[in-house]
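Text of the file query31.txt, holding compact mmCIF, C-alpha atoms and all ligand atoms:
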```
# COMPACT_ATOMS: atom_id res chain seq x y z
CA MET A 12 164.99 -46.80 173.39
CA LYS A 13 167.45 -43.90 173.30
CA THR A 14 169.50 -43.73 170.09
CA THR A 15 173.27 -43.75 170.32
CA GLN A 16 174.66 -40.23 170.17
CA THR A 17 177.72 -39.51 168.05
CA ILE A 18 180.43 -37.38 169.62
CA ALA A 19 183.27 -35.75 167.68
CA ILE A 20 186.32 -35.19 169.88
CA ILE A 21 188.63 -32.65 168.26
CA GLY A 22 192.10 -32.94 169.76
CA ALA A 23 191.59 -36.59 170.70
CA SER A 24 195.32 -37.31 170.58
CA GLY A 25 196.05 -34.79 173.34
CA ASN A 26 196.15 -35.35 177.09
CA MET A 27 192.56 -34.29 177.65
CA GLY A 28 191.08 -35.46 174.36
CA ALA A 29 192.47 -38.98 174.82
CA ALA A 30 191.39 -39.10 178.48
CA ILE A 31 187.85 -37.97 177.58
CA SER A 32 187.72 -40.47 174.68
CA ARG A 33 188.78 -43.40 176.90
CA SER A 34 186.17 -42.45 179.51
CA LEU A 35 183.27 -41.87 177.13
CA ALA A 36 184.02 -45.14 175.30
CA LYS A 37 182.54 -46.84 178.39
CA GLY A 38 179.17 -45.23 177.64
CA ASN A 39 176.61 -45.76 174.91
CA TYR A 40 178.24 -43.32 172.47
CA ARG A 41 179.81 -43.51 169.03
CA LEU A 42 183.08 -41.59 169.13
CA LEU A 43 184.81 -39.91 166.19
CA LEU A 44 188.36 -38.94 167.13
CA CYS A 45 190.15 -36.21 165.23
CA ALA A 46 193.21 -33.97 165.52
CA ASN A 47 195.85 -32.53 163.22
CA ASN A 48 197.76 -35.80 163.09
CA LEU A 49 195.67 -38.80 161.93
CA ASP A 50 198.30 -41.39 163.01
CA LYS A 51 198.09 -40.18 166.60
CA VAL A 52 194.28 -40.41 166.77
CA GLN A 53 194.37 -43.82 165.09
CA ALA A 54 196.68 -45.00 167.86
CA VAL A 55 194.25 -43.70 170.53
CA ALA A 56 191.28 -45.34 168.78
CA GLU A 57 193.14 -48.67 168.54
CA GLU A 58 194.17 -48.55 172.18
CA ILE A 59 190.54 -47.94 173.20
CA ARG A 60 189.25 -50.80 171.02
CA ASN A 61 191.91 -53.15 172.46
CA SER A 62 190.95 -52.42 176.05
CA ASN A 63 187.21 -52.14 175.33
CA PRO A 64 186.27 -54.30 172.31
CA GLY A 65 182.62 -53.19 172.48
CA ALA A 66 183.51 -49.51 172.08
CA GLU A 67 182.26 -47.71 168.98
CA VAL A 68 185.29 -45.56 168.22
CA GLU A 69 186.78 -44.42 164.93
CA ALA A 70 189.63 -42.13 163.93
CA ALA A 71 188.45 -39.42 161.53
CA ASP A 72 190.83 -37.54 159.26
CA CYS A 73 188.55 -34.57 158.75
CA THR A 74 187.38 -32.41 161.65
CA ARG A 75 184.65 -30.86 159.54
CA GLU A 76 183.17 -34.21 158.40
CA ALA A 77 183.35 -35.69 161.89
CA SER A 78 181.59 -32.62 163.29
CA TRP A 79 178.97 -32.84 160.55
CA GLU A 80 178.19 -36.43 161.58
CA ALA A 81 178.25 -35.65 165.29
CA ASP A 82 175.41 -34.74 167.65
CA ILE A 83 177.90 -33.34 170.17
CA ILE A 84 181.32 -31.80 169.50
CA ILE A 85 184.08 -31.55 172.09
CA ALA A 86 186.76 -28.95 171.38
CA ALA A 87 189.65 -30.53 173.30
CA VAL A 88 192.25 -28.20 171.78
CA PRO A 89 194.38 -25.39 173.20
CA TYR A 90 192.58 -22.04 173.45
CA ALA A 91 194.90 -20.67 170.77
CA ALA A 92 193.56 -23.26 168.27
CA GLU A 93 189.85 -22.57 168.88
CA GLN A 94 189.54 -19.88 166.22
CA GLU A 95 190.91 -22.25 163.57
CA VAL A 96 188.71 -25.13 164.76
CA ALA A 97 185.62 -22.90 164.88
CA ALA A 98 186.22 -21.79 161.30
CA LYS A 99 186.36 -25.46 160.21
CA ILE A 100 183.15 -26.52 161.96
CA ARG A 101 181.02 -23.35 161.89
CA GLU A 102 178.66 -24.49 159.14
CA VAL A 103 178.22 -28.04 160.42
CA ALA A 104 177.82 -27.21 164.12
CA ASN A 105 174.53 -25.32 163.85
CA GLN A 106 172.24 -26.02 166.82
CA LYS A 107 174.67 -28.65 168.10
CA VAL A 108 176.16 -28.88 171.58
CA VAL A 109 179.80 -27.79 171.46
CA ILE A 110 181.80 -28.36 174.65
CA SER A 111 184.53 -25.88 175.54
CA ILE A 112 187.11 -27.49 177.83
CA ALA A 113 189.80 -24.81 177.38
CA ASN A 114 191.55 -22.95 180.13
CA PRO A 115 193.06 -19.92 178.38
CA LEU A 116 196.32 -19.92 180.36
CA ASN A 117 199.22 -17.63 179.62
CA ASN A 118 202.68 -19.07 178.91
CA THR A 119 203.77 -18.86 182.54
CA TYR A 120 200.57 -20.46 183.94
CA ASP A 121 200.03 -17.57 186.32
CA GLY A 122 197.22 -15.78 184.53
CA LEU A 123 194.70 -15.98 181.71
CA VAL A 124 195.04 -14.44 178.26
CA THR A 125 191.33 -13.59 178.11
CA ALA A 126 190.00 -10.21 179.26
CA PRO A 127 188.43 -10.22 182.78
CA GLU A 128 184.87 -9.75 181.48
CA THR A 129 184.92 -12.79 179.19
CA SER A 130 186.04 -16.43 179.01
CA ALA A 131 187.22 -19.02 176.49
CA ALA A 132 183.68 -20.46 176.37
CA GLU A 133 182.05 -17.07 175.69
CA GLU A 134 184.63 -16.33 173.00
CA LEU A 135 183.84 -19.70 171.39
CA GLN A 136 180.14 -18.83 171.52
CA LYS A 137 180.91 -15.63 169.59
CA LEU A 138 182.77 -17.70 166.96
CA LEU A 139 179.91 -20.24 166.77
CA PRO A 140 176.80 -18.12 167.35
CA ASN A 141 174.39 -20.84 166.19
CA SER A 142 175.82 -23.59 168.42
CA LYS A 143 174.98 -24.39 172.03
CA ILE A 144 178.28 -23.85 173.81
CA VAL A 145 178.64 -25.62 177.14
CA LYS A 146 181.63 -25.25 179.45
CA ALA A 147 182.66 -28.60 180.92
CA PHE A 148 185.67 -30.77 181.74
CA ASN A 149 187.87 -27.71 182.35
CA THR A 150 188.02 -28.15 186.13
CA THR A 151 189.30 -31.72 185.94
CA PHE A 152 192.91 -32.66 185.15
CA ALA A 153 193.58 -35.26 182.45
CA ALA A 154 194.95 -37.64 185.12
CA ASP A 155 191.67 -37.41 187.07
CA PHE A 156 189.87 -39.36 184.33
CA THR A 157 191.58 -42.60 185.40
CA THR A 158 190.88 -41.76 189.05
CA PRO A 159 187.75 -39.59 189.33
CA VAL A 160 187.40 -40.77 192.92
CA ILE A 161 190.27 -38.99 194.66
CA ASP A 162 191.10 -39.68 198.31
CA GLY A 163 187.75 -41.47 198.67
CA ARG A 164 185.58 -38.71 197.18
CA GLN A 165 184.13 -38.43 193.68
CA ALA A 166 185.41 -35.20 192.14
CA ASP A 167 182.82 -32.63 191.07
CA ALA A 168 182.93 -31.45 187.47
CA PHE A 169 181.32 -28.09 186.84
CA ILE A 170 179.17 -27.30 183.82
CA ALA A 171 177.94 -23.95 182.53
CA GLY A 172 175.71 -23.01 179.63
CA ASN A 173 172.58 -21.23 178.49
CA ASP A 174 170.56 -24.13 177.05
CA GLU A 175 168.81 -26.38 179.58
CA GLU A 176 168.67 -29.44 177.33
CA ALA A 177 172.34 -29.06 176.39
CA LEU A 178 173.25 -28.85 180.09
CA GLN A 179 171.42 -32.12 180.75
CA THR A 180 173.12 -33.80 177.78
CA VAL A 181 176.55 -32.72 179.03
CA SER A 182 175.71 -33.75 182.61
CA GLU A 183 175.18 -37.29 181.30
CA LEU A 184 178.61 -37.21 179.59
CA VAL A 185 180.26 -35.96 182.76
CA ALA A 186 178.60 -38.73 184.80
CA THR A 187 179.66 -41.34 182.22
CA ALA A 188 183.24 -40.11 182.65
CA GLY A 189 182.92 -40.86 186.37
CA PHE A 190 182.59 -37.34 187.79
CA ASN A 191 179.78 -35.77 189.77
CA PRO A 192 178.17 -33.23 187.42
CA VAL A 193 177.39 -29.86 189.00
CA ILE A 194 175.55 -27.34 186.83
CA ALA A 195 177.09 -24.08 188.00
CA GLY A 196 175.06 -21.60 185.99
CA ASN A 197 174.81 -19.94 182.60
CA LEU A 198 177.72 -19.48 180.18
CA ALA A 199 178.83 -16.30 181.95
CA VAL A 200 179.96 -18.50 184.89
CA SER A 201 182.67 -19.97 182.61
CA GLY A 202 185.12 -17.22 183.52
CA THR A 203 184.91 -18.26 187.17
CA LEU A 204 185.36 -21.94 186.25
CA GLU A 205 188.42 -21.12 184.14
CA ARG A 206 189.93 -19.09 187.00
CA MET A 207 189.21 -21.94 189.42
CA GLN A 208 191.37 -24.21 187.31
CA LEU A 209 194.12 -21.61 187.15
CA LEU A 210 194.09 -21.68 190.96
CA LEU A 211 194.11 -25.50 191.04
CA ILE A 212 197.12 -25.56 188.70
CA GLN A 213 198.95 -23.14 190.98
CA LEU A 214 198.03 -25.23 194.06
CA ASN A 215 199.12 -28.39 192.22
CA ASN A 216 202.51 -26.86 191.60
CA LYS A 217 202.86 -25.47 195.12
CA TYR A 218 201.78 -28.62 197.00
CA ASN A 219 202.92 -31.23 194.47
CA TYR A 220 199.56 -32.94 193.90
CA ASN A 221 201.07 -34.70 190.86
CA TRP A 222 198.15 -33.46 188.68
CA LEU A 223 195.74 -35.74 190.58
CA ALA A 224 193.47 -33.18 192.21
CA GLY A 225 189.97 -31.86 191.77
CA TRP A 226 187.17 -29.86 193.29
CA LYS A 227 184.50 -31.08 195.70
CA ILE A 228 181.75 -28.90 197.10
CA LEU A 229 180.96 -30.06 200.63
CA HIS A 230 177.34 -29.43 201.39
CA GLN A 231 174.40 -30.50 203.47
CA SER A 232 172.03 -32.89 201.77
CA ALA A 233 169.66 -31.01 199.46
CA ASN A 234 166.80 -33.19 200.76
CA LEU A 235 166.88 -31.72 204.27
CA ASN A 236 164.01 -29.29 204.93
N1 LIG B 301 195.71 -31.16 180.48
C1 LIG B 301 194.79 -30.98 181.41
O1 LIG B 301 194.83 -31.56 182.51
C2 LIG B 301 193.64 -30.04 181.12
C3 LIG B 301 192.62 -29.93 182.10
C4 LIG B 301 191.48 -29.15 181.81
C5 LIG B 301 191.39 -28.49 180.59
N2 LIG B 301 192.42 -28.59 179.70
C6 LIG B 301 192.27 -27.89 178.41
O2 LIG B 301 192.17 -28.92 177.43
C7 LIG B 301 192.67 -28.43 176.17
C8 LIG B 301 193.68 -29.45 175.64
O3 LIG B 301 194.74 -29.56 176.58
P1 LIG B 301 195.76 -30.79 176.51
O4 LIG B 301 196.56 -30.72 177.76
O5 LIG B 301 195.04 -32.04 176.19
O6 LIG B 301 196.67 -30.35 175.26
P2 LIG B 301 197.56 -31.28 174.31
O7 LIG B 301 197.96 -32.52 175.01
O8 LIG B 301 198.61 -30.38 173.76
O9 LIG B 301 196.56 -31.69 173.12
C9 LIG B 301 196.10 -30.76 172.20
C10 LIG B 301 195.29 -31.49 171.14
O10 LIG B 301 194.74 -30.52 170.25
C11 LIG B 301 195.03 -30.89 168.91
N3 LIG B 301 195.10 -29.67 168.10
C12 LIG B 301 195.90 -28.61 168.29
N4 LIG B 301 195.63 -27.67 167.36
C13 LIG B 301 194.63 -28.16 166.59
C14 LIG B 301 193.91 -27.69 165.47
N5 LIG B 301 194.18 -26.47 164.98
N6 LIG B 301 192.95 -28.46 164.92
C15 LIG B 301 192.67 -29.71 165.42
N7 LIG B 301 193.33 -30.21 166.50
C16 LIG B 301 194.29 -29.45 167.06
C17 LIG B 301 196.35 -31.64 168.99
O11 LIG B 301 196.47 -32.48 167.85
P3 LIG B 301 197.89 -32.78 167.15
O12 LIG B 301 198.73 -33.43 168.19
O13 LIG B 301 197.52 -33.66 166.02
O14 LIG B 301 198.41 -31.41 166.75
C18 LIG B 301 196.11 -32.45 170.27
O15 LIG B 301 195.32 -33.58 169.97
C19 LIG B 301 193.28 -27.06 176.45
O16 LIG B 301 192.38 -26.07 176.05
C20 LIG B 301 193.45 -27.04 177.98
O17 LIG B 301 193.34 -25.75 178.51
C21 LIG B 301 193.53 -29.34 179.93
```
Mind converting the file's structure to structure tokens?
Amino acid sequence: MKTTQTIAIIGASGNMGAAISRSLAKGNYRLLLCANNLDKVQAVAEEIRNSNPGAEVEAADCTREASWEADIIIAAVPYAAEQEVAAKIREVANQKVVISIANPLNNTYDGLVTAPETSAAEELQKLLPNSKIVKAFNTTFAADFTTPVIDGRQADAFIAGNDEEALQTVSELVATAGFNPVIAGNLAVSGTLERMQLLLIQLNNKYNYNWLAGWKILHQSANLN
């Protein structure tokens, strides 16, 4: 039987971190929720336990300890906080899957702060050279987690990374959260995924999608010869 994996969610009191935590609590995972403010993550953990008494979820007051215990780490923090988070977890994240969900948006949401040849995920990989960075959950809005089936279609959630086993592990998380996992390519694809979400934010604002929008690749069945 598969053992229960432990996931540290750093930034679990935020919009995305809380949404990811609520979704993954439905799966066979033990969740350790951390952020700067312990009271806020305790409130999220309590809310999850109230709505899902079987969930294995704990608030953790130390990002480093939670990451040490974890098999998988989700950095659900703003891009600007990743350097600080990476410094805290560097020694305990060796060989572990670390998920980068960040979209490195500028203050006016009309561009990215990263240089064109890189991405938030690749910059995190430089900060954590011994971890398996996987880009995921950046092309879904926080609101999509309560409604991953939008207008009758299950939203795709794109994944990128260099380690095949890590990609499969993250695909399972994405499916548990209710999205259709699509492995888009290696970590270098992250820049495209981050720009896709910049576009979706701009479309959201232009067409008033109310932050309930996602991507869906329409395609012919892969089984057709
Ligand atoms: N919102 C979306 O729909 C969406 C969609 C896709 C991707 N993203 C990406 O998801 C990430 C989080 O976005 P969000 O909207 O959830 O932001 P948010 O609501 O502002 O939450 C940020 C979280 O990060 C924590 N945090 C900040 N600095 C930290 C640090 N140095 N160490 C530990 N925790 C820290 C905060 O904890 P405290 O409150 O305790 O400070 C909070 O829990 C961003 O990178 C964003 O680009 C967001």
Problem set entry | Residue with smallest distance to Gln53 in chain A - pool A:Ser24, A:Gln16, A:Thr125, A:Gln106, counting only C-alpha atoms | A:Ser24
Problem set entry | Between CA of Asn141 in chain A and CA of Gly196 in chain A, distance in Å (one decimal) | 19.8 Å
Exercise. Of the candidates A:Gln208, A:Gln136, A:Asn118, A:Ser130, which one gets nearest to Thr150 in chain A if we count only C-alpha atoms?
Worked result: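 Checking each of A:Gln208, A:Gln136, A:Asn118, A:Ser130 against Thr150 in chain A, counting only C-alpha atoms, the winner is A:Gln208.
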When you look at Val200 in chain A with a cut-off of 9 Å (counting all atoms listed in the file), what residues show up, excluding the ones that are within fewer than 6 positions of it in the same chain? I need them as a compact mmCIF listing (two decimals) with C-alpha atoms, in the coordinates of the input.
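This is the output file result.txt:
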```
# COMPACT_ATOMS: atom_id res chain seq x y z
CA SER A 130 186.04 -16.43 179.01
CA LYS A 146 181.63 -25.25 179.45
CA ILE A 170 179.17 -27.30 183.82
CA ALA A 171 177.94 -23.95 182.53
CA GLY A 172 175.71 -23.01 179.63
```
List as a tab-separated table every residue of chain A that is in contact with ligand LIG 301 (chain B), defined as an atom at most 6 Å from one of its atoms (using all atoms listed in the file), together with the nearest atom pair and the distance in Å rounded to one decimal, sorted by chain and then rising number.
```
residue	atom	partner	partner_atom	distance
A:Ile21	CA	B:LIG301	N7	5.6
A:Gly22	CA	B:LIG301	O15	3.3
A:Ala23	CA	B:LIG301	O15	4.8
A:Ser24	CA	B:LIG301	O15	3.8
A:Gly25	CA	B:LIG301	O9	3.1
A:Asn26	CA	B:LIG301	O5	3.6
A:Met27	CA	B:LIG301	O5	3.7
A:Gly28	CA	B:LIG301	O5	5.5
A:Ala46	CA	B:LIG301	N7	3.9
A:Asn47	CA	B:LIG301	O13	3.5
A:Asn48	CA	B:LIG301	O13	3.6
A:Ala87	CA	B:LIG301	C7	4.7
A:Val88	CA	B:LIG301	O10	3.7
A:Pro89	CA	B:LIG301	O16	3.5
A:Tyr90	CA	B:LIG301	O16	4.8
A:Ala92	CA	B:LIG301	N5	4.6
A:Glu95	CA	B:LIG301	N5	5.5
A:Val96	CA	B:LIG301	N6	5.4
A:Ile112	CA	B:LIG301	C5	5.2
A:Ala113	CA	B:LIG301	O16	3.2
A:Asn114	CA	B:LIG301	O17	3.7
A:Pro115	CA	B:LIG301	O17	5.8
A:Asn149	CA	B:LIG301	C4	3.9
A:Thr150	CA	B:LIG301	C4	5.6
A:Thr151	CA	B:LIG301	C4	5.3
A:Phe152	CA	B:LIG301	O1	3.4
A:Ala153	CA	B:LIG301	O1	3.9
```
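Ranking A:Ile161, A:Leu184, A:Ala199, A:Leu209 by their shortest atom-to-atom distance to Ala224 in chain A, with all atoms listed in the file included, puts A:Ile161 first.
From CA of Tyr218 in chain A back to CA of Tyr120 in chain A, the distance works out to 15.4 Å.
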